[in-house]
Every structure is written in C-alpha cells, then in structure tokens.
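Here the structure is laid out as structure tokens; the discussion comes afterwards.
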Amino acid sequence: MADNSSGWTMRPPPNAPGRSSTGLCTIIKEMIAVAHGRGVRACVDGAQSVSHMPVNVSELDADFFVFSGHKIFGPNGIGVLYGKEDALEAARPWQGGGNMIADVTFERTLYQKAPQKFEAGTANIADAVGLGAAIDYVSAIGMENIARYEHELLEYGMRELRAVPGLTLVGAAAQKASVLPFVLDGHDNAEVGKYLNGVGIAVRAGHHCAQPILRRFGYEGTVRPSLAFYNTPAEIELLARSLHQLAR
C-alpha cells in the first residue's frame, strides 16, 4: 500500500472494537455487557471504527450497530443499521410507506417482518450500490491489513509530532486508533488548520462533536489529522516539517 523505505516494521493493531474522537479505543464489549446486566439494550456508533479495523457484531453482542457510508469511502447520505432479530422485531417503524405494509385497513395496520418493516417508500438504490462497492473495496484489501498498516503510521506520526516544539498530542493512549489530535502553543486551532490547508494537508480543527471528552482533557478543541490506508510515511513527514516551520 505504501513505500516501506523509512525502515519501520509492521506490528499487530490494538485489539479493540471502537474508537473515540481522540483515537482512544473503547472497551465496547465490556460496556455492552454492563448494559445487558442491567437489562438495557446497547446501540454502538461504529462510524469511527468500521473503516479502520475488523468489527464482529456477534462477538460484541451489540443489539444495534450503526455507521455512516461516507466513513468507509462510500457515498454521503446512506448508512448501515445492524440489529439483532428480536431487537428489530420489538422496534416500531418510524416512517410509513408502501413496502413496509403487510396489510392495512382503516381499523388497523400490519407491518412486514424486520427488516422490511423499516423500508418505507422507494429505496436509495444508487447510494446502496455505491456503499456496497466501497465495502467490497476495503474487504478486498483486508481489514486486518488496513488496521495493521494504519497503526504503524500512527506510531510513526506520534514520534514525529512529539518532536515539534510546543505541540501537545491529546489522548495519546496505548490503545489508540489512527488519529493525531493536537494543540500547538501560541496558535489558534483554526489558524493551524488554515495554514496546513495552504500547504496541501487536510485536517479538521474544532471540537469534533466531542466537547465533553475534550473538556475532560482541558481543551475546547484540537487540530486533528486522520490517517487512512492510503496515507504514507512521506505525508507524515510533510506534516511534521510544516508544523516545525509554523512553530518557529
């Protein structure tokens, strides 16, 4: 997937099923077990994990698992909802439309069995085809391969960014996925993001829809480079050089 001329070696990725906005891999399986022990169904937002690591919903014992199509390189506007059969049968439809109906009169409505009872109206066929192609694409590469490679990029990136004067990595845990959120002393996050954009490096600057956890670390926002299997060590080196220049 990329040139290995930098001399770094491949090691297994952390064995964790999900990740947060800081990259911390959360102990989802244990959290689900706690919920089930109290009679509570568990819904896992897997948008940040499905394109980066293998996920086994049966092993997690999740009642529901959801993710957005664009997070796994598919089209915008479509996603996936997995649900256990009993959970889907117990859930009520939230939209009405022809395909979901088994029988209807003025007195009562009978719905199809799941999943058909949630398929109201005309399906989003084009985006479903696009999402299927994206899933086939990453499956052909191999999620284990993607996770292993991205974890090596992450370790390399953390070493490079820690050498930038005044830069603090936020959420630098051992069990961590491929994001590198940071703050740079004396520089506004938006300013750093704009500067990096100007040299051809795309990052996100802000609170990343995760204000509570960032405030737990004492921040209102970070600059967040995100790594994927198409990134290379050379791109991380460009990021580090650019931040060295800005810090000076």
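Order determines the names: the first chain of the structure tokens is A, the second B, and so forth; residues in each chain are numbered 1 upward, and ligands are numbered 1 upward as they are shown.
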
| message | Let's see if you can do this: from backbone DSSP, list all strand (DSSP E) residues in range 19-209 of chain A, as a ChimeraX atom specification. | response | /A:43-45,64-68,79-83,101-104,109-111,167-169,182-184,204-206

| task | Run DSSP on the backbone and grab whatever in range 1-243 of chain A lands in alpha helix (DSSP H); send it over as a count of residues only. | result | 84

What's around range 106-118 of chain A at 7 Å? Count only C-alpha atoms, leave out sequence neighbours fewer than 4 positions away in its own chain, and write the answer as a compact mmCIF listing (two decimals) with N, CA, C and O atoms, in the first residue's frame.
```txt
# COMPACT_ATOMS: atom_id res chain seq x y z
N LEU A 88 -35.00 -5.89 16.50
CA LEU A 88 -35.67 -5.28 15.36
C LEU A 88 -37.17 -5.58 15.38
O LEU A 88 -37.99 -4.72 15.03
N GLU A 89 -37.54 -6.79 15.79
CA GLU A 89 -38.96 -7.12 15.86
C GLU A 89 -39.67 -6.28 16.92
O GLU A 89 -40.83 -5.90 16.77
N PRO A 93 -41.70 0.95 13.60
CA PRO A 93 -41.30 1.76 12.44
C PRO A 93 -41.44 3.25 12.75
O PRO A 93 -42.33 3.66 13.49
N MET A 100 -43.37 -1.44 3.42
CA MET A 100 -43.31 -1.93 4.79
C MET A 100 -44.62 -2.57 5.25
O MET A 100 -44.66 -3.20 6.30
N ILE A 101 -45.68 -2.45 4.46
CA ILE A 101 -47.01 -2.85 4.88
C ILE A 101 -47.32 -4.28 4.44
O ILE A 101 -47.19 -4.63 3.28
N ALA A 102 -47.76 -5.12 5.41
CA ALA A 102 -48.29 -6.44 5.07
C ALA A 102 -49.77 -6.34 4.72
O ALA A 102 -50.25 -6.93 3.75
```

I'd like the neighbourhood of Arg204 in chain A as an mmCIF file with N, CA and C atoms, in the first residue's frame, where a residue qualifies if any of its atoms comes within 8 Å (using only C-alpha atoms), though same-chain residues fewer than 5 positions away should be ignored.
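The result, written out as selection.cif:
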```cif
data_model
loop_
_atom_site.group_PDB
_atom_site.id
_atom_site.type_symbol
_atom_site.label_atom_id
_atom_site.label_comp_id
_atom_site.auth_asym_id
_atom_site.auth_seq_id
_atom_site.Cartn_x
_atom_site.Cartn_y
_atom_site.Cartn_z
ATOM 1 N N GLY A 193 -5.141 24.903 11.247
ATOM 2 C CA GLY A 193 -5.830 24.200 10.177
ATOM 3 C C GLY A 193 -5.737 24.925 8.849
ATOM 4 N N VAL A 223 -6.576 20.332 16.729
ATOM 5 C CA VAL A 223 -6.352 20.096 15.303
ATOM 6 C C VAL A 223 -6.198 18.589 15.156
ATOM 7 N N ARG A 224 -6.932 17.994 14.197
ATOM 8 C CA ARG A 224 -6.944 16.533 14.128
ATOM 9 C C ARG A 224 -6.621 16.025 12.729
ATOM 10 N N PRO A 225 -5.372 15.631 12.476
ATOM 11 C CA PRO A 225 -5.079 14.852 11.264
ATOM 12 C C PRO A 225 -5.603 13.423 11.461
#
```

| field | Point-to-point distance in Å for CA of Ala240 in chain A and CA of Ala228 in chain A | value |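 A separation of 17.0 Å between them.
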
| message | What's around range 154-158 of chain A at 9 Å? Count only C-alpha atoms, leave out sequence neighbours fewer than 5 positions away in its own chain, and write the answer as an MDAnalysis selection string. | response | chainID A and resid 8 149 163 169 172 176:180 227 233 236:237 239:240

| message | Residues near Ala133 in chain A, anyone? I mean within 8 Å using only C-alpha atoms, not counting same-chain ones fewer than 4 positions away, as a ChimeraX atom specification. | response | /A:74,129,137

Closest-contact table, range 66-180 of chain A side, partner range 51-61 of chain A, 8 Å, counting only C-alpha atoms, as a Markdown table:
```
| residue | atom | partner | partner_atom | distance |
| --- | --- | --- | --- | --- |
| A:Lys71 | CA | A:Ser51 | CA | 6.6 |
| A:Ile72 | CA | A:Ser51 | CA | 4.8 |
| A:Phe73 | CA | A:Ser51 | CA | 8.0 |
| A:Val138 | CA | A:Ser51 | CA | 7.6 |
| A:Met143 | CA | A:Pro54 | CA | 5.3 |
| A:Glu144 | CA | A:Pro54 | CA | 6.2 |
| A:Ile146 | CA | A:His52 | CA | 6.3 |
| A:Ala147 | CA | A:Met53 | CA | 4.8 |
| A:Glu150 | CA | A:His52 | CA | 7.5 |
| A:Ala177 | CA | A:His52 | CA | 7.8 |
| A:Ser178 | CA | A:His52 | CA | 7.8 |
```

| request: Determine, counting only C-alpha atoms, which protein, DNA and RNA residues have an atom within 12 Å of an atom of Leu246 in chain A; residues of the same chain fewer than 5 positions away are not included. Present the result as a ChimeraX atom specification. | output: /A:164-167,184-188,191-196,198-199,239-241

| said: Just to confirm, what's the straight-line distance from CA of Ala90 in chain A to CA of Ala33 in chain A in Å (one decimal)? | reply: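 So the answer is 20.2 Å.
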
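Counting from CA of Phe64 in chain A, the distance to CA of Ser49 in chain A is 14.7 Å.
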
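Among the candidates A:Gly130, A:Gly218, A:Gly142, A:Pro212, the residue lying nearest to Val170 in chain A is A:Gly218 (atoms considered: only C-alpha atoms).
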